[in-house]
file query_23.cif (mmCIF, C-alpha atoms)
data_target
loop_
_atom_site.group_PDB
_atom_site.id
_atom_site.type_symbol
_atom_site.label_atom_id
_atom_site.label_comp_id
_atom_site.auth_asym_id
_atom_site.auth_seq_id
_atom_site.Cartn_x
_atom_site.Cartn_y
_atom_site.Cartn_z
ATOM 1 C CA MET A 48 -109.891 -105.401 -55.216
ATOM 2 C CA ASN A 49 -110.289 -108.130 -52.590
ATOM 3 C CA ASN A 50 -108.482 -111.346 -53.503
ATOM 4 C CA ALA A 51 -111.543 -113.378 -52.563
ATOM 5 C CA MET A 52 -113.447 -111.799 -55.421
ATOM 6 C CA ASN A 53 -111.002 -113.160 -57.993
ATOM 7 C CA ASN A 54 -111.700 -116.879 -57.901
ATOM 8 C CA ALA A 55 -114.506 -116.918 -60.449
ATOM 9 C CA VAL A 56 -114.196 -119.135 -63.523
ATOM 10 C CA TYR A 57 -116.530 -118.415 -66.435
ATOM 11 C CA TYR A 58 -117.358 -121.320 -68.755
ATOM 12 C CA ASP A 59 -118.473 -120.577 -72.318
ATOM 13 C CA ALA A 60 -119.575 -117.124 -71.197
ATOM 14 C CA GLN A 61 -121.718 -115.240 -73.708
ATOM 15 C CA VAL A 62 -120.086 -111.836 -73.316
ATOM 16 C CA THR A 63 -118.448 -109.430 -75.734
ATOM 17 C CA ASP A 64 -114.685 -109.287 -76.032
ATOM 18 C CA ASP A 65 -114.702 -105.803 -74.440
ATOM 19 C CA VAL A 66 -116.528 -107.119 -71.363
ATOM 20 C CA ARG A 67 -114.402 -110.265 -71.248
ATOM 21 C CA ARG A 68 -111.142 -108.328 -71.304
ATOM 22 C CA GLN A 69 -112.258 -106.080 -68.447
ATOM 23 C CA MET A 70 -113.257 -109.108 -66.384
ATOM 24 C CA LEU A 71 -109.885 -110.701 -67.090
ATOM 25 C CA PHE A 72 -108.199 -107.467 -65.971
ATOM 26 C CA ASP A 73 -110.202 -107.809 -62.742
ATOM 27 C CA GLY A 74 -108.716 -111.267 -62.142
ATOM 28 C CA GLN A 75 -111.406 -113.581 -63.514
ATOM 29 C CA LEU A 76 -110.627 -116.697 -65.569
ATOM 30 C CA PHE A 77 -112.413 -117.742 -68.756
ATOM 31 C CA VAL A 78 -112.737 -121.266 -70.145
ATOM 32 C CA TYR A 79 -114.194 -122.260 -73.499
ATOM 33 C CA SER A 80 -115.060 -125.727 -74.727
ATOM 34 C CA PRO A 81 -113.316 -126.863 -77.924
ATOM 35 C CA ARG A 82 -114.266 -124.859 -80.995
ATOM 36 C CA LYS A 83 -113.936 -125.691 -84.686
ATOM 37 C CA SER A 84 -110.967 -123.351 -84.951
ATOM 38 C CA SER A 85 -109.181 -124.634 -81.832
ATOM 39 C CA LEU A 86 -109.631 -128.249 -82.896
ATOM 40 C CA ALA A 87 -108.175 -127.450 -86.309
ATOM 41 C CA PHE A 88 -105.258 -125.713 -84.570
ATOM 42 C CA ILE A 89 -104.385 -128.687 -82.370
ATOM 43 C CA GLU A 90 -104.750 -131.134 -85.261
ATOM 44 C CA PHE A 91 -102.169 -129.109 -87.160
ATOM 45 C CA ALA A 92 -99.903 -129.135 -84.103
ATOM 46 C CA LYS A 93 -100.397 -132.876 -83.618
ATOM 47 C CA ARG A 94 -99.282 -133.610 -87.159
ATOM 48 C CA LEU A 95 -96.031 -131.768 -86.568
ATOM 49 C CA ILE A 96 -95.506 -133.463 -83.206
ATOM 50 C CA GLN A 97 -96.223 -136.941 -84.519
ATOM 51 C CA GLU A 98 -93.892 -136.473 -87.463
ATOM 52 C CA ALA A 99 -91.142 -135.227 -85.154
ATOM 53 C CA PHE A 100 -91.361 -138.131 -82.710
ATOM 54 C CA ALA A 101 -92.200 -140.943 -85.148
ATOM 55 C CA PRO A 102 -92.349 -143.882 -84.667
ATOM 56 C CA HIS A 103 -92.998 -143.154 -80.974
ATOM 57 C CA ASP A 104 -96.200 -141.972 -79.344
ATOM 58 C CA PRO A 105 -95.415 -138.308 -78.520
ATOM 59 C CA GLU A 106 -96.985 -138.530 -75.068
ATOM 60 C CA THR A 107 -94.680 -141.396 -74.071
ATOM 61 C CA ALA A 108 -91.665 -140.823 -76.337
ATOM 62 C CA GLN A 109 -89.653 -139.702 -73.313
ATOM 63 C CA TYR A 110 -89.437 -143.341 -72.224
ATOM 64 C CA HIS A 111 -87.789 -144.395 -75.478
ATOM 65 C CA LEU A 112 -85.278 -141.611 -76.153
ATOM 66 C CA PRO A 113 -82.156 -140.335 -74.401
ATOM 67 C CA VAL A 114 -82.901 -136.921 -72.937
ATOM 68 C CA GLU A 115 -80.329 -135.289 -75.229
ATOM 69 C CA THR A 116 -82.073 -136.722 -78.309
ATOM 70 C CA TYR A 117 -85.451 -135.670 -76.960
ATOM 71 C CA ALA A 118 -84.242 -132.095 -76.485
ATOM 72 C CA GLU A 119 -82.869 -132.072 -80.049
ATOM 73 C CA VAL A 120 -86.275 -133.112 -81.386
ATOM 74 C CA LEU A 121 -87.985 -130.307 -79.475
ATOM 75 C CA GLY A 122 -85.294 -127.895 -80.609
ATOM 76 C CA LYS A 123 -86.389 -128.439 -84.212
ATOM 77 C CA LEU A 124 -90.104 -129.017 -83.650
ATOM 78 C CA LYS A 125 -90.923 -125.916 -81.627
ATOM 79 C CA PRO A 126 -89.417 -123.311 -83.992
ATOM 80 C CA GLN A 127 -91.105 -125.090 -86.908
ATOM 81 C CA PHE A 128 -94.468 -124.616 -85.204
ATOM 82 C CA ILE A 129 -93.790 -121.105 -83.903
ATOM 83 C CA HIS A 130 -92.848 -119.610 -87.262
ATOM 84 C CA HIS A 131 -95.150 -121.619 -89.527
ATOM 85 C CA GLN A 132 -97.549 -119.432 -91.480
ATOM 86 C CA GLU A 133 -100.289 -121.962 -90.799
ATOM 87 C CA SER A 134 -99.992 -121.239 -87.071
ATOM 88 C CA LYS A 135 -100.811 -117.573 -87.651
ATOM 89 C CA ARG A 136 -103.824 -118.447 -89.780
ATOM 90 C CA HIS A 137 -105.182 -120.723 -87.048
ATOM 91 C CA ILE A 138 -104.867 -117.915 -84.504
ATOM 92 C CA GLN A 139 -106.780 -115.590 -86.821
ATOM 93 C CA SER A 140 -109.607 -118.128 -87.073
ATOM 94 C CA LEU A 141 -109.699 -118.714 -83.329
ATOM 95 C CA LEU A 142 -109.746 -115.027 -82.433
ATOM 96 C CA GLY A 143 -112.521 -114.413 -84.923
ATOM 97 C CA GLU A 144 -114.605 -117.329 -83.651
ATOM 98 C CA LEU A 145 -114.370 -116.036 -80.087
ATOM 99 C CA GLY A 146 -115.531 -112.550 -80.981
ATOM 100 C CA CYS A 147 -112.314 -110.534 -81.191
ATOM 101 C CA ASP A 148 -112.106 -107.518 -83.490
ATOM 102 C CA LEU A 149 -109.192 -108.492 -85.734
ATOM 103 C CA GLU A 150 -108.623 -104.895 -86.792
ATOM 104 C CA LYS A 151 -107.785 -103.926 -83.213
ATOM 105 C CA THR A 152 -106.477 -107.239 -81.867
ATOM 106 C CA TYR A 153 -102.766 -108.013 -82.027
ATOM 107 C CA PHE A 154 -101.126 -111.348 -81.186
ATOM 108 C CA ASP A 155 -97.629 -112.729 -80.857
ATOM 109 C CA VAL A 156 -96.367 -115.923 -82.470
ATOM 110 C CA PRO A 157 -97.754 -119.018 -80.736
ATOM 111 C CA LYS A 158 -95.501 -121.155 -78.568
ATOM 112 C CA MET A 159 -95.654 -124.929 -78.321
ATOM 113 C CA ARG A 160 -95.005 -125.987 -74.735
ATOM 114 C CA SER A 161 -94.096 -129.408 -73.404
ATOM 115 C CA SER A 162 -94.050 -130.696 -69.835
ATOM 116 C CA THR A 163 -92.452 -134.116 -69.454
ATOM 117 C CA SER A 164 -93.348 -136.508 -66.676
ATOM 118 C CA ASP A 165 -91.350 -137.357 -63.557
ATOM 119 C CA ASN A 166 -88.597 -134.752 -64.020
ATOM 120 C CA TYR A 167 -87.317 -136.286 -67.264
ATOM 121 C CA LEU A 168 -86.612 -132.841 -68.755
ATOM 122 C CA THR A 169 -87.625 -129.671 -66.897
ATOM 123 C CA THR A 170 -85.075 -127.122 -68.144
ATOM 124 C CA GLY A 171 -84.297 -125.246 -71.359
ATOM 125 C CA ILE A 172 -86.524 -126.241 -74.257
ATOM 126 C CA ALA A 173 -88.982 -127.990 -71.869
ATOM 127 C CA TYR A 174 -88.826 -125.592 -68.926
ATOM 128 C CA ALA A 175 -91.151 -126.414 -66.012
ATOM 129 C CA TRP A 176 -92.438 -123.010 -64.987
ATOM 130 C CA HIS A 177 -92.128 -121.835 -61.422
ATOM 131 C CA PRO A 178 -94.851 -119.480 -60.093
ATOM 132 C CA HIS A 179 -94.680 -116.222 -62.018
ATOM 133 C CA ARG A 180 -96.591 -113.429 -63.675
ATOM 134 C CA ASP A 181 -95.974 -112.773 -67.363
ATOM 135 C CA THR A 182 -95.838 -109.091 -66.460
ATOM 136 C CA TRP A 183 -92.492 -109.822 -64.734
ATOM 137 C CA TYR A 184 -91.222 -110.534 -68.252
ATOM 138 C CA SER A 185 -91.960 -107.066 -69.679
ATOM 139 C CA ALA A 186 -95.463 -107.911 -70.916
ATOM 140 C CA PRO A 187 -97.939 -105.003 -70.775
ATOM 141 C CA MET A 188 -100.594 -105.039 -68.068
ATOM 142 C CA PHE A 189 -103.330 -105.433 -70.712
ATOM 143 C CA GLN A 190 -101.934 -108.626 -72.227
ATOM 144 C CA ILE A 191 -104.311 -111.589 -72.311
ATOM 145 C CA ASN A 192 -102.867 -115.108 -72.387
ATOM 146 C CA TRP A 193 -104.551 -117.892 -74.370
ATOM 147 C CA TRP A 194 -103.713 -121.518 -73.471
ATOM 148 C CA ILE A 195 -104.849 -124.656 -75.335
ATOM 149 C CA PRO A 196 -103.907 -128.289 -74.566
ATOM 150 C CA ILE A 197 -103.001 -130.305 -77.660
ATOM 151 C CA TYR A 198 -103.767 -133.607 -75.922
ATOM 152 C CA ASP A 199 -106.105 -134.149 -72.985
ATOM 153 C CA VAL A 200 -104.677 -132.977 -69.673
ATOM 154 C CA ARG A 201 -105.194 -134.180 -66.116
ATOM 155 C CA ALA A 202 -104.912 -132.603 -62.688
ATOM 156 C CA ASP A 203 -101.371 -133.996 -62.352
ATOM 157 C CA ASN A 204 -99.981 -132.459 -65.557
ATOM 158 C CA ALA A 205 -101.974 -129.250 -65.942
ATOM 159 C CA MET A 206 -101.337 -125.605 -65.141
ATOM 160 C CA ALA A 207 -102.112 -124.029 -61.760
ATOM 161 C CA PHE A 208 -103.344 -120.537 -60.910
ATOM 162 C CA HIS A 209 -102.658 -118.990 -57.525
ATOM 163 C CA PRO A 210 -105.462 -116.454 -57.044
ATOM 164 C CA GLY A 211 -104.382 -115.488 -53.536
ATOM 165 C CA TYR A 212 -101.665 -113.403 -55.164
ATOM 166 C CA TRP A 213 -103.925 -111.418 -57.426
ATOM 167 C CA ASN A 214 -103.270 -107.751 -56.706
ATOM 168 C CA ARG A 215 -100.984 -108.805 -53.840
ATOM 169 C CA PRO A 216 -97.314 -107.800 -54.123
ATOM 170 C CA VAL A 217 -94.680 -110.539 -54.068
ATOM 171 C CA SER A 218 -90.956 -109.984 -53.679
ATOM 172 C CA ASN A 219 -89.419 -111.102 -56.958
ATOM 173 C CA THR A 220 -86.353 -110.833 -59.178
ATOM 174 C CA SER A 221 -87.959 -108.999 -62.098
ATOM 175 C CA LYS A 222 -85.800 -105.933 -61.423
ATOM 176 C CA GLY A 223 -82.926 -107.761 -63.074
ATOM 177 C CA TYR A 224 -84.886 -108.572 -66.236
ATOM 178 C CA ASN A 225 -84.600 -106.439 -69.360
ATOM 179 C CA TYR A 226 -86.480 -107.682 -72.409
ATOM 180 C CA TYR A 227 -83.985 -106.286 -74.902
ATOM 181 C CA LEU A 228 -81.071 -108.005 -73.191
ATOM 182 C CA TRP A 229 -83.146 -111.187 -73.129
ATOM 183 C CA ASN A 230 -83.605 -110.967 -76.902
ATOM 184 C CA GLN A 231 -79.883 -110.446 -77.356
ATOM 185 C CA GLN A 232 -78.475 -112.996 -74.930
ATOM 186 C CA HIS A 233 -80.976 -115.690 -74.026
ATOM 187 C CA ARG A 234 -82.968 -116.632 -77.112
ATOM 188 C CA GLY A 235 -81.816 -119.071 -79.738
ATOM 189 C CA GLY A 236 -81.115 -122.716 -80.464
ATOM 190 C CA HIS A 237 -78.674 -122.999 -77.548
ATOM 191 C CA VAL A 238 -81.643 -123.299 -75.149
ATOM 192 C CA ALA A 239 -82.042 -126.966 -76.137
ATOM 193 C CA GLN A 240 -78.585 -127.588 -74.650
ATOM 194 C CA PHE A 241 -79.799 -126.840 -71.110
ATOM 195 C CA ILE A 242 -80.454 -130.429 -70.070
ATOM 196 C CA LYS A 243 -79.532 -130.500 -66.377
ATOM 197 C CA GLU A 244 -79.840 -126.858 -65.341
ATOM 198 C CA ASP A 245 -81.077 -123.601 -66.784
ATOM 199 C CA PRO A 246 -78.822 -120.583 -66.206
ATOM 200 C CA ARG A 247 -81.127 -118.004 -67.756
ATOM 201 C CA PRO A 248 -82.214 -115.087 -65.507
ATOM 202 C CA LEU A 249 -85.900 -116.001 -65.377
ATOM 203 C CA PRO A 250 -87.807 -113.729 -62.958
ATOM 204 C CA ARG A 251 -89.165 -115.638 -60.000
ATOM 205 C CA PRO A 252 -90.447 -115.046 -56.471
ATOM 206 C CA SER A 253 -87.743 -114.237 -53.938
ATOM 207 C CA GLU A 254 -89.958 -115.071 -50.986
ATOM 208 C CA PRO A 255 -91.753 -118.334 -50.099
ATOM 209 C CA LEU A 256 -95.225 -118.561 -51.631
ATOM 210 C CA GLN A 257 -98.280 -120.304 -50.308
ATOM 211 C CA LEU A 258 -99.449 -122.063 -53.464
ATOM 212 C CA ASP A 259 -102.717 -123.338 -51.979
ATOM 213 C CA PRO A 260 -105.483 -122.713 -52.567
ATOM 214 C CA GLN A 261 -104.874 -123.099 -56.274
ATOM 215 C CA ILE A 262 -107.038 -123.527 -59.341
ATOM 216 C CA ARG A 263 -106.338 -126.242 -61.907
ATOM 217 C CA LEU A 264 -108.602 -125.960 -64.944
ATOM 218 C CA ILE A 265 -108.934 -129.327 -66.650
ATOM 219 C CA VAL A 266 -110.144 -128.898 -70.215
ATOM 220 C CA PRO A 267 -110.191 -131.414 -73.075
ATOM 221 C CA ALA A 268 -107.811 -131.159 -75.999
ATOM 222 C CA GLY A 269 -108.773 -128.026 -77.910
ATOM 223 C CA GLY A 270 -110.340 -126.374 -74.882
ATOM 224 C CA ILE A 271 -109.295 -122.764 -74.309
ATOM 225 C CA ILE A 272 -108.220 -120.968 -71.133
ATOM 226 C CA LEU A 273 -107.912 -117.174 -71.050
ATOM 227 C CA PHE A 274 -106.214 -115.283 -68.239
ATOM 228 C CA SER A 275 -104.540 -111.977 -67.527
ATOM 229 C CA ALA A 276 -100.764 -111.744 -67.881
ATOM 230 C CA ALA A 277 -100.800 -110.502 -64.277
ATOM 231 C CA GLN A 278 -102.185 -113.800 -62.943
ATOM 232 C CA MET A 279 -99.751 -115.796 -60.811
ATOM 233 C CA HIS A 280 -99.506 -119.225 -62.416
ATOM 234 C CA SER A 281 -97.149 -122.190 -62.640
ATOM 235 C CA SER A 282 -96.634 -125.608 -64.170
ATOM 236 C CA VAL A 283 -98.039 -128.433 -62.060
ATOM 237 C CA PRO A 284 -95.303 -131.018 -61.322
ATOM 238 C CA ASN A 285 -96.041 -133.661 -63.939
ATOM 239 C CA THR A 286 -96.537 -137.109 -62.394
ATOM 240 C CA SER A 287 -99.047 -138.353 -64.970
ATOM 241 C CA GLY A 288 -96.724 -140.655 -66.899
ATOM 242 C CA LYS A 289 -97.379 -138.643 -70.064
ATOM 243 C CA THR A 290 -95.811 -135.567 -71.599
ATOM 244 C CA ARG A 291 -98.170 -132.618 -71.779
ATOM 245 C CA PHE A 292 -98.168 -130.626 -75.022
ATOM 246 C CA SER A 293 -99.953 -127.284 -75.230
ATOM 247 C CA ILE A 294 -100.195 -124.092 -77.261
ATOM 248 C CA ASP A 295 -100.143 -120.612 -75.844
ATOM 249 C CA PHE A 296 -100.086 -117.164 -77.360
ATOM 250 C CA ARG A 297 -100.595 -113.616 -76.111
ATOM 251 C CA VAL A 298 -103.025 -110.952 -77.260
ATOM 252 C CA VAL A 299 -103.337 -107.197 -76.779
ATOM 253 C CA HIS A 300 -106.082 -104.831 -77.898
ATOM 254 C CA MET A 301 -105.316 -101.432 -79.379
ATOM 255 C CA ASP A 302 -108.019 -99.667 -77.344
ATOM 256 C CA ASP A 303 -106.519 -100.998 -74.106
ATOM 257 C CA ALA A 304 -103.061 -99.840 -75.149
ATOM 258 C CA ILE A 305 -104.147 -96.317 -76.002
ATOM 259 C CA THR A 306 -106.319 -95.862 -72.905
ATOM 260 C CA ARG A 307 -103.857 -97.770 -70.665
ATOM 261 C CA ARG A 308 -106.599 -100.076 -69.449
ATOM 262 C CA GLY A 309 -105.396 -103.319 -67.900
ATOM 263 C CA ALA A 310 -104.731 -105.329 -64.767
ATOM 264 C CA PRO A 311 -103.365 -103.545 -61.688
ATOM 265 C CA ARG A 312 -99.588 -103.142 -61.474
ATOM 266 C CA VAL A 313 -98.406 -104.395 -58.091
ATOM 267 C CA ASP A 314 -94.821 -105.719 -58.104
ATOM 268 C CA GLU A 315 -93.362 -105.497 -61.627
ATOM 269 C CA GLU A 316 -89.839 -104.030 -61.838
ATOM 270 C CA CYS A 317 -88.676 -105.301 -65.243
ATOM 271 C CA THR A 318 -87.623 -103.003 -68.076
ATOM 272 C CA GLY A 319 -88.175 -102.946 -71.815
ATOM 273 C CA THR A 320 -91.439 -103.957 -73.449
ATOM 274 C CA THR A 321 -92.777 -106.774 -75.620
ATOM 275 C CA MET A 322 -95.041 -104.346 -77.504
ATOM 276 C CA ARG A 323 -93.057 -104.640 -80.737
ATOM 277 C CA ASP A 324 -93.725 -108.388 -80.909
ATOM 278 C CA TYR A 325 -97.473 -108.320 -81.549
ATOM 279 C CA ILE A 326 -98.971 -108.396 -85.038
ATOM 280 C CA ARG A 327 -102.448 -107.327 -86.123
ATOM 281 C CA GLY A 328 -105.072 -109.984 -86.635
ATOM 282 C CA THR A 329 -105.871 -108.827 -90.166
ATOM 283 C CA ASP A 330 -102.638 -108.100 -92.009
ATOM 284 C CA TYR A 331 -99.865 -109.026 -89.538
ATOM 285 C CA SER A 332 -98.691 -105.404 -89.325
ATOM 286 C CA HIS A 333 -96.942 -104.360 -86.126
ATOM 287 C CA ILE A 334 -98.247 -101.992 -83.472
ATOM 288 C CA PRO A 335 -97.620 -98.387 -84.575
ATOM 289 C CA ALA A 336 -94.462 -96.833 -83.179
ATOM 290 C CA TYR A 337 -96.349 -94.015 -81.432
ATOM 291 C CA VAL A 338 -98.267 -96.603 -79.385
ATOM 292 C CA VAL A 339 -95.156 -98.631 -78.579
ATOM 293 C CA ALA A 340 -93.528 -95.422 -77.351
ATOM 294 C CA LEU A 341 -96.171 -95.144 -74.622
ATOM 295 C CA PHE A 342 -94.654 -98.210 -72.945
ATOM 296 C CA ASP A 343 -90.998 -98.027 -73.904
ATOM 297 C CA ASP A 344 -88.081 -96.804 -71.802
ATOM 298 C CA ASP A 345 -84.493 -95.812 -72.460
ATOM 299 C CA THR A 346 -83.008 -99.325 -72.188
ATOM 300 C CA GLY A 347 -83.276 -100.256 -75.871
ATOM 301 C CA SER A 348 -79.639 -99.544 -76.656
ATOM 302 C CA ALA A 349 -78.605 -102.333 -74.281
ATOM 303 C CA GLY A 350 -79.868 -105.147 -76.485
ATOM 304 C CA LYS A 351 -82.239 -106.061 -79.313
ATOM 305 C CA LEU A 352 -85.624 -104.370 -79.511
ATOM 306 C CA VAL A 353 -87.043 -107.328 -81.459
ATOM 307 C CA TYR A 354 -85.827 -110.907 -81.590
ATOM 308 C CA ASP A 355 -85.016 -111.984 -85.151
ATOM 309 C CA PRO A 356 -85.286 -115.771 -85.616
ATOM 310 C CA ARG A 357 -83.551 -115.489 -88.967
ATOM 311 C CA ALA A 358 -80.378 -114.355 -87.243
ATOM 312 C CA THR A 359 -80.235 -117.276 -84.786
ATOM 313 C CA PRO A 360 -82.333 -120.433 -84.410
ATOM 314 C CA SER A 361 -85.396 -119.802 -82.263
ATOM 315 C CA ARG A 362 -86.276 -121.616 -79.102
#

call {"tool": "encode", "arguments": {"input": "query_23.cif", "output": "structure tokens"}}
result
Amino acid sequence: MNNAMNNAVYYDAQVTDDVRRQMLFDGQLFVYSPRKSSLAFIEFAKRLIQEAFAPHDPETAQYHLPVETYAEVLGKLKPQFIHHQESKRHIQSLLGELGCDLEKTYFDVPKMRSSTSDNYLTTGIAYAWHPHRDTWYSAPMFQINWWIPIYDVRADNAMAFHPGYWNRPVSNTSKGYNYYLWNQQHRGGHVAQFIKEDPRPLPRPSEPLQLDPQIRLIVPAGGIILFSAAQMHSSVPNTSGKTRFSIDFRVVHMDDAITRRGAPRVDEECTGTTMRDYIRGTDYSHIPAYVVALFDDDTGSAGKLVYDPRATPSR
């Protein structure tokens, strides 16, 4: 498909989830105004954030805390949010409100992201993301990413999409990434210790990229952005004077998995699969083993098939 055809952004589109997923697999972007469920989700997240940073304003707490203390706060806050049962219930409500079939829709645990201003903390627990595709990190080609700002965002602390690289191969380091080794070696509470540099083998481009033109979608707190895991995207360098907090989670649909429908594969060389991480929107059951096997390889013995937060503190 021509790259020029993949710049469309659909706002509050009245389409079915089946149609929406196919359009996302074709490189389109979807934006939804705040919904009752998304507003409830961010209010829950805000309560946790405010409690963690009290008495400071979370958006400006970075100016009042040593970076080591700030990282310690995030190191406790983020796992609390990720593994809270309330977080799962909010995702269920949001998926249902936006027309997803919860019997066939599976999601992973939501992540709370933070992007501090002016290079205060850009590694480890508050990693500032370089341009990448999630499919370089062993995500299936039919994964859909959901992104929600917890506080209002601006053009100078948002997320950027780089549509010129849709369906265009980029030299990258994903060949050295195995998801099972990642689970075994690079997840856990030690991530908060990476204050000055981040030694983790995070797949990235190995050639210079032309990041313009780029798309920055500015939505209010509780607004929702949907995009394919194959979209090239990055964190905008934050110069806003405020820390950005956001929620993201990933979704796959059983029909897409079985029929192998998804975005085009162009430059992914990673191994392993995240398919064991997703849970069904109704009862939190995992994807059946016979479906996981469609996407697995023989690298499982090298690490951990599934990350267990009970064994080590989560990031």

call {"tool": "resolve_selection", "arguments": {"input": "query_23.cif", "expression": "the PyMOL selection byres ((chain A and resi 110) around 12)", "output": "list in words"}}
result
Phe100, His103, Asp104, Pro105, Glu106, Thr107, Ala108, Gln109, His111, Leu112, Pro113, Val114, Thr116, Tyr117, Thr163, Ser164, Asp165, Asn166, Tyr167, Leu168, Gly288, Lys289 and Thr290 of chain A

call {"tool": "atom_distance", "arguments": {"input": "query_23.cif", "atom1": "atom CA of Ser134 of chain A", "atom2": "atom CA of Ile191 of chain A"}}
result
18.2 Å

call {"tool": "closest_residue", "arguments": {"input": "query_23.cif", "among": "A:Leu352, A:Leu71, A:Asp303, A:Asp64", "to": "Asp148 of chain A", "atoms": "all atoms listed in the file"}}
result
A:Asp64

call {"tool": "residues_around", "arguments": {"input": "query_23.cif", "residues": "segment 337-348 of chain A", "least_positions_apart": "6", "cutoff": "8 Å", "atoms": "all atoms listed in the file", "output": "mmCIF file with C-alpha atoms, in the coordinates of the input"}}
result
data_model
loop_
_atom_site.group_PDB
_atom_site.id
_atom_site.type_symbol
_atom_site.label_atom_id
_atom_site.label_comp_id
_atom_site.auth_asym_id
_atom_site.auth_seq_id
_atom_site.Cartn_x
_atom_site.Cartn_y
_atom_site.Cartn_z
ATOM 1 C CA PRO A 187 -97.939 -105.003 -70.775
ATOM 2 C CA ASN A 225 -84.600 -106.439 -69.360
ATOM 3 C CA TYR A 227 -83.985 -106.286 -74.902
ATOM 4 C CA ALA A 304 -103.061 -99.840 -75.149
ATOM 5 C CA ILE A 305 -104.147 -96.317 -76.002
ATOM 6 C CA THR A 318 -87.623 -103.003 -68.076
ATOM 7 C CA GLY A 319 -88.175 -102.946 -71.815
ATOM 8 C CA THR A 320 -91.439 -103.957 -73.449
ATOM 9 C CA MET A 322 -95.041 -104.346 -77.504
ATOM 10 C CA ARG A 323 -93.057 -104.640 -80.737
#

call {"tool": "resolve_selection", "arguments": {"input": "query_23.cif", "expression": "the PyMOL selection byres ((chain A and resi 223) around 8)", "output": "VMD selection string"}}
result
chain A and resid 220 to 222 224 to 225 248 250 316 to 317

call {"tool": "resolve_selection", "arguments": {"input": "query_23.cif", "expression": "the PyMOL selection byres ((chain A and resi 216) around 7)", "output": "PDB file with C-alpha atoms, keeping the file's coordinate frame"}}
result
ATOM      1  CA  ASN A 214    -103.270-107.751 -56.706  1.00  0.00           C
ATOM      2  CA  ARG A 215    -100.984-108.805 -53.840  1.00  0.00           C
ATOM      3  CA  VAL A 217     -94.680-110.539 -54.068  1.00  0.00           C
ATOM      4  CA  SER A 218     -90.956-109.984 -53.679  1.00  0.00           C
ATOM      5  CA  VAL A 313     -98.406-104.395 -58.091  1.00  0.00           C
ATOM      6  CA  ASP A 314     -94.821-105.719 -58.104  1.00  0.00           C
TER       7      ASP A 314
END

call {"tool": "closest_residue", "arguments": {"input": "query_23.cif", "among": "A:Arg94, A:Lys83, A:Arg180, A:His300", "to": "Lys151 of chain A", "atoms": "only C-alpha atoms"}}
result
A:His300

call {"tool": "atom_distance", "arguments": {"input": "query_23.cif", "atom1": "atom CA of Gln257 of chain A", "atom2": "atom CA of Tyr79 of chain A"}}
result
28.2 Å
